[in-house]
>>> print(open('entry.cif').read())   # mmCIF, C-alpha atoms
data_entry
#
loop_
_atom_site.group_PDB
_atom_site.id
_atom_site.type_symbol
_atom_site.label_atom_id
_atom_site.label_comp_id
_atom_site.auth_asym_id
_atom_site.auth_seq_id
_atom_site.Cartn_x
_atom_site.Cartn_y
_atom_site.Cartn_z
ATOM 1 C CA ASP A 221 76.534 -50.771 -36.180
ATOM 2 C CA MET A 222 79.477 -52.683 -34.790
ATOM 3 C CA ALA A 223 82.160 -50.184 -35.864
ATOM 4 C CA PRO A 224 82.501 -48.526 -32.433
ATOM 5 C CA TYR A 225 83.013 -51.863 -30.676
ATOM 6 C CA LYS A 226 85.379 -53.186 -33.342
ATOM 7 C CA PHE A 227 87.481 -50.015 -33.410
ATOM 8 C CA VAL A 228 87.724 -49.684 -29.616
ATOM 9 C CA SER A 229 88.660 -53.360 -29.218
ATOM 10 C CA LYS A 230 91.256 -53.361 -31.973
ATOM 11 C CA VAL A 231 92.876 -50.080 -30.916
ATOM 12 C CA ALA A 232 93.009 -51.289 -27.290
ATOM 13 C CA ARG A 233 94.680 -54.556 -28.355
ATOM 14 C CA GLY A 234 97.080 -52.864 -30.771
ATOM 15 C CA GLU A 235 95.485 -54.542 -33.790
ATOM 16 C CA VAL A 236 95.153 -53.039 -37.253
ATOM 17 C CA ILE A 237 91.877 -51.332 -38.169
ATOM 18 C CA ASN A 238 90.772 -50.953 -41.762
ATOM 19 C CA GLN A 239 89.834 -47.437 -42.777
ATOM 20 C CA HIS A 240 87.767 -47.563 -45.936
ATOM 21 C CA GLY A 241 88.661 -44.548 -48.052
ATOM 22 C CA ASP A 242 90.303 -41.310 -47.004
ATOM 23 C CA GLY A 243 88.413 -40.839 -43.732
ATOM 24 C CA THR A 244 85.966 -38.255 -45.074
ATOM 25 C CA THR A 245 82.856 -40.437 -44.936
ATOM 26 C CA ARG A 246 80.505 -39.342 -42.176
ATOM 27 C CA ARG A 247 78.288 -41.499 -39.984
ATOM 28 C CA ASP A 248 75.541 -40.712 -37.523
ATOM 29 C CA TYR A 249 76.449 -42.923 -34.541
ATOM 30 C CA THR A 250 73.829 -43.222 -31.810
ATOM 31 C CA TYR A 251 74.368 -44.579 -28.301
ATOM 32 C CA ILE A 252 71.965 -47.393 -27.395
ATOM 33 C CA ASP A 253 70.527 -45.585 -24.348
ATOM 34 C CA ASP A 254 69.331 -42.800 -26.660
ATOM 35 C CA ILE A 255 67.605 -45.283 -28.978
ATOM 36 C CA VAL A 256 65.937 -46.977 -26.008
ATOM 37 C CA SER A 257 64.595 -43.646 -24.716
ATOM 38 C CA GLY A 258 63.221 -42.894 -28.193
ATOM 39 C CA VAL A 259 61.519 -46.283 -28.444
ATOM 40 C CA VAL A 260 59.974 -45.857 -24.976
ATOM 41 C CA ALA A 261 58.728 -42.372 -25.937
ATOM 42 C CA ALA A 262 57.211 -43.797 -29.142
ATOM 43 C CA ILE A 263 55.481 -46.603 -27.228
ATOM 44 C CA ASN A 264 54.044 -44.087 -24.776
ATOM 45 C CA HIS A 265 52.907 -41.889 -27.669
ATOM 46 C CA VAL A 266 50.980 -44.744 -29.312
ATOM 47 C CA SER A 267 48.313 -44.497 -26.620
ATOM 48 C CA THR A 268 47.490 -40.979 -27.803
ATOM 49 C CA LEU A 269 46.814 -42.056 -31.396
ATOM 50 C CA THR A 270 43.428 -42.931 -32.819
ATOM 51 C CA PRO A 271 43.010 -46.717 -32.624
ATOM 52 C CA GLY A 272 44.142 -48.400 -35.826
ATOM 53 C CA THR A 273 46.529 -45.632 -36.847
ATOM 54 C CA HIS A 274 50.292 -45.797 -36.814
ATOM 55 C CA THR A 275 53.325 -43.643 -37.445
ATOM 56 C CA VAL A 276 57.049 -44.110 -38.016
ATOM 57 C CA TYR A 277 59.881 -42.258 -36.288
ATOM 58 C CA ASN A 278 63.514 -41.972 -37.311
ATOM 59 C CA LEU A 279 65.711 -42.215 -34.222
ATOM 60 C CA GLY A 280 69.385 -41.348 -34.273
ATOM 61 C CA ASN A 281 71.886 -38.792 -33.101
ATOM 62 C CA GLY A 282 71.420 -36.295 -35.915
ATOM 63 C CA THR A 283 75.079 -35.249 -35.792
ATOM 64 C CA PRO A 284 77.319 -37.109 -38.268
ATOM 65 C CA ILE A 285 81.045 -37.400 -37.565
ATOM 66 C CA LEU A 286 83.938 -37.859 -40.004
ATOM 67 C CA LEU A 287 85.495 -41.317 -39.924
ATOM 68 C CA SER A 288 88.894 -39.704 -39.295
ATOM 69 C CA ASP A 289 87.465 -37.797 -36.301
ATOM 70 C CA PHE A 290 85.770 -40.942 -35.023
ATOM 71 C CA ILE A 291 89.093 -42.798 -35.095
ATOM 72 C CA ALA A 292 90.814 -39.866 -33.357
ATOM 73 C CA THR A 293 88.127 -39.965 -30.641
ATOM 74 C CA VAL A 294 88.684 -43.699 -30.127
ATOM 75 C CA GLU A 295 92.438 -43.061 -29.853
ATOM 76 C CA SER A 296 91.877 -40.310 -27.293
ATOM 77 C CA VAL A 297 89.518 -42.370 -25.126
ATOM 78 C CA VAL A 298 91.556 -45.584 -25.291
ATOM 79 C CA GLY A 299 94.865 -43.755 -24.901
ATOM 80 C CA LYS A 300 96.543 -45.532 -27.813
ATOM 81 C CA LYS A 301 97.317 -44.611 -31.396
ATOM 82 C CA ALA A 302 95.350 -46.615 -33.958
ATOM 83 C CA ILE A 303 97.246 -48.741 -36.443
ATOM 84 C CA ILE A 304 95.369 -47.845 -39.613
ATOM 85 C CA ASN A 305 95.309 -49.781 -42.859
ATOM 86 C CA VAL A 306 93.752 -47.561 -45.530
ATOM 87 C CA VAL A 307 91.763 -49.674 -47.985
ATOM 88 C CA PRO A 308 89.495 -48.702 -50.876
ATOM 89 C CA GLU A 309 85.963 -47.614 -50.079
ATOM 90 C CA LYS A 310 83.413 -50.403 -50.222
ATOM 91 C CA MET A 311 81.412 -50.470 -53.424
ATOM 92 C CA GLY A 312 77.988 -48.974 -52.789
ATOM 93 C CA ASP A 313 78.946 -47.381 -49.464
ATOM 94 C CA VAL A 314 77.405 -43.959 -48.945
ATOM 95 C CA LYS A 315 79.427 -40.843 -48.065
ATOM 96 C CA LEU A 316 77.008 -39.706 -45.334
ATOM 97 C CA THR A 317 74.421 -41.146 -42.977
ATOM 98 C CA ASN A 318 72.405 -38.607 -41.032
ATOM 99 C CA ALA A 319 69.180 -39.317 -39.170
ATOM 100 C CA ASP A 320 66.446 -36.725 -39.635
ATOM 101 C CA ILE A 321 65.006 -36.775 -36.126
ATOM 102 C CA SER A 322 62.766 -33.715 -36.555
ATOM 103 C CA LYS A 323 59.491 -35.679 -36.377
ATOM 104 C CA ALA A 324 60.632 -37.581 -33.270
ATOM 105 C CA ARG A 325 61.817 -34.320 -31.704
ATOM 106 C CA ASN A 326 58.528 -32.532 -32.445
ATOM 107 C CA GLU A 327 56.116 -35.336 -31.532
ATOM 108 C CA LEU A 328 58.032 -37.235 -28.839
ATOM 109 C CA GLY A 329 60.387 -34.635 -27.412
ATOM 110 C CA TYR A 330 63.214 -36.972 -28.503
ATOM 111 C CA SER A 331 66.820 -35.953 -28.791
ATOM 112 C CA ALA A 332 69.995 -37.936 -28.374
ATOM 113 C CA LYS A 333 71.758 -37.039 -25.136
ATOM 114 C CA THR A 334 75.031 -38.902 -25.694
ATOM 115 C CA ASN A 335 77.601 -37.456 -28.083
ATOM 116 C CA VAL A 336 80.116 -39.702 -29.820
ATOM 117 C CA GLU A 337 82.947 -39.044 -27.371
ATOM 118 C CA ASN A 338 80.814 -39.852 -24.326
ATOM 119 C CA GLY A 339 79.392 -42.930 -26.060
ATOM 120 C CA ILE A 340 82.895 -44.207 -26.808
ATOM 121 C CA ARG A 341 83.866 -43.475 -23.183
ATOM 122 C CA LYS A 342 80.891 -45.492 -21.894
ATOM 123 C CA LEU A 343 81.788 -48.348 -24.241
ATOM 124 C CA TRP A 344 85.408 -48.250 -23.080
ATOM 125 C CA GLU A 345 84.447 -48.320 -19.390
#
>>> encode(input="entry.cif", output="structure tokens")
Amino acid sequence: DMAPYKFVSKVARGEVINQHGDGTTRRDYTYIDDIVSGVVAAINHVSTLTPGTHTVYNLGNGTPILLSDFIATVESVVGKKAIINVVPEKMGDVKLTNADISKARNELGYSAKTNVENGIRKLWE
């Protein structure tokens, strides 16, 4: 998802960001380092499976954040107020994305280590 990069860049440059809807949609943002650690754990786990078998893991953060809170976090990290253009929600857009990481947690010991604020901070740096 490119939203974190787009929002941080536009807020930093004083450009308008489009907020689709009233800010109550929630997304499960995951920092790339957490995905990489999950993929590595899954690769390592493959060697323990019976040859010819496979499994699928859902990797993510598991902690959705409101769009309005996400924007506020970007503002806090960047140190600038966002210029927000509220536009209608996109047709077909879902209200919530939330990764169910229970299988990855149980079988791989996976959990995301980077919360949204720290991920935005790392992106900003």
>>> atom_distance(input="entry.cif", atom1="CA of Ile237 in chain A", atom2="CA of Asp313 in chain A")
17.6 Å
>>> residues_around(input="entry.cif", residues="range 334-343 of chain A", least_positions_apart="3", cutoff="8 Å", atoms="only C-alpha atoms", output="ChimeraX atom specification")
/A:224-225,228,249-251,254,281,290,293-294,297
>>> write_last_selection(input="entry.cif", atoms="C-alpha atoms", output="PDB file, keeping the file's coordinate frame")
ATOM      1  CA  PRO A 224      82.501 -48.526 -32.433  1.00  0.00           C
ATOM      2  CA  TYR A 225      83.013 -51.863 -30.676  1.00  0.00           C
ATOM      3  CA  VAL A 228      87.724 -49.684 -29.616  1.00  0.00           C
ATOM      4  CA  TYR A 249      76.449 -42.923 -34.541  1.00  0.00           C
ATOM      5  CA  THR A 250      73.829 -43.222 -31.810  1.00  0.00           C
ATOM      6  CA  TYR A 251      74.368 -44.579 -28.301  1.00  0.00           C
ATOM      7  CA  ASP A 254      69.331 -42.800 -26.660  1.00  0.00           C
ATOM      8  CA  ASN A 281      71.886 -38.792 -33.101  1.00  0.00           C
ATOM      9  CA  PHE A 290      85.770 -40.942 -35.023  1.00  0.00           C
ATOM     10  CA  THR A 293      88.127 -39.965 -30.641  1.00  0.00           C
ATOM     11  CA  VAL A 294      88.684 -43.699 -30.127  1.00  0.00           C
ATOM     12  CA  VAL A 297      89.518 -42.370 -25.126  1.00  0.00           C
TER      13      VAL A 297
END
>>> residues_around(input="entry.cif", residues="Ala261 in chain A", least_positions_apart="6", cutoff="9 Å", atoms="only C-alpha atoms", output="MDAnalysis selection string")
chainID A and resid 324 328:330
>>> closest_residue(input="entry.cif", among="A:Thr270, A:Thr244, A:Ile285, A:Val298", to="Glu345 in chain A", atoms="all atoms listed in the file")
A:Val298
>>> resolve_selection(input="entry.cif", expression="the PyMOL selection byres ((chain A and resi 275) around 12)", output="list in words")
Ala262, Ile263, His265, Val266, Ser267, Thr268, Leu269, Thr270, Pro271, Gly272, Thr273, His274, Val276, Tyr277, Asn278, Lys323, Ala324, Glu327 and Leu328 of chain A
>>> write_last_selection(input="entry.cif", atoms="C-alpha atoms", output="compact mmCIF listing (two decimals), in the coordinates of the input")
# COMPACT_ATOMS: atom_id res chain seq x y z
CA ALA A 262 57.21 -43.80 -29.14
CA ILE A 263 55.48 -46.60 -27.23
CA HIS A 265 52.91 -41.89 -27.67
CA VAL A 266 50.98 -44.74 -29.31
CA SER A 267 48.31 -44.50 -26.62
CA THR A 268 47.49 -40.98 -27.80
CA LEU A 269 46.81 -42.06 -31.40
CA THR A 270 43.43 -42.93 -32.82
CA PRO A 271 43.01 -46.72 -32.62
CA GLY A 272 44.14 -48.40 -35.83
CA THR A 273 46.53 -45.63 -36.85
CA HIS A 274 50.29 -45.80 -36.81
CA VAL A 276 57.05 -44.11 -38.02
CA TYR A 277 59.88 -42.26 -36.29
CA ASN A 278 63.51 -41.97 -37.31
CA LYS A 323 59.49 -35.68 -36.38
CA ALA A 324 60.63 -37.58 -33.27
CA GLU A 327 56.12 -35.34 -31.53
CA LEU A 328 58.03 -37.24 -28.84
>>> residues_around(input="entry.cif", residues="Val307 in chain A", least_positions_apart="2", cutoff="9 Å", atoms="all atoms listed in the file", output="list of chain:residue names")
A:Asn238, A:Gln239, A:His240, A:Gly241, A:Asp242, A:Asn305, A:Glu309, A:Lys310
>>> atom_distance(input="entry.cif", atom1="CA of Ala302 in chain A", atom2="CA of Ile252 in chain A")
24.3 Å
>>> atom_distance(input="entry.cif", atom1="CA of Leu286 in chain A", atom2="CA of Thr317 in chain A")
10.5 Å
>>> closest_residue(input="entry.cif", among="A:Leu279, A:Leu287, A:Ala292, A:Met311", to="Thr245 in chain A", atoms="all atoms listed in the file")
A:Leu287
>>> resolve_selection(input="entry.cif", expression="the PyMOL selection byres ((chain A and resi 231) around 8)", output="compact mmCIF listing (two decimals) with C-alpha atoms, in the frame of the given file")
# COMPACT_ATOMS: atom_id res chain seq x y z
CA PHE A 227 87.48 -50.02 -33.41
CA VAL A 228 87.72 -49.68 -29.62
CA SER A 229 88.66 -53.36 -29.22
CA LYS A 230 91.26 -53.36 -31.97
CA ALA A 232 93.01 -51.29 -27.29
CA ARG A 233 94.68 -54.56 -28.36
CA GLY A 234 97.08 -52.86 -30.77
CA GLU A 235 95.48 -54.54 -33.79
CA VAL A 236 95.15 -53.04 -37.25
CA ILE A 237 91.88 -51.33 -38.17
CA VAL A 294 88.68 -43.70 -30.13
CA GLU A 295 92.44 -43.06 -29.85
CA VAL A 298 91.56 -45.58 -25.29
CA LYS A 300 96.54 -45.53 -27.81
CA LYS A 301 97.32 -44.61 -31.40
CA ALA A 302 95.35 -46.62 -33.96
CA ILE A 303 97.25 -48.74 -36.44
>>> closest_residue(input="entry.cif", among="A:Ala223, A:Gly280, A:Val306, A:Val260", to="Lys333 in chain A", atoms="all atoms listed in the file")
A:Gly280
>>> axis_aligned_box(input="entry.cif", around="range 281-291 of chain A", padding_each_side="6 Å", output="AutoDock Vina command-line options")
--center_x 80.3 --center_y -39.0 --center_z -36.6 --size_x 29.7 --size_y 19.5 --size_z 18.9
>>> closest_residue(input="entry.cif", among="A:Gly243, A:Val256, A:Arg325, A:Ala319", to="Ile291 in chain A", atoms="all atoms listed in the file")
A:Gly243
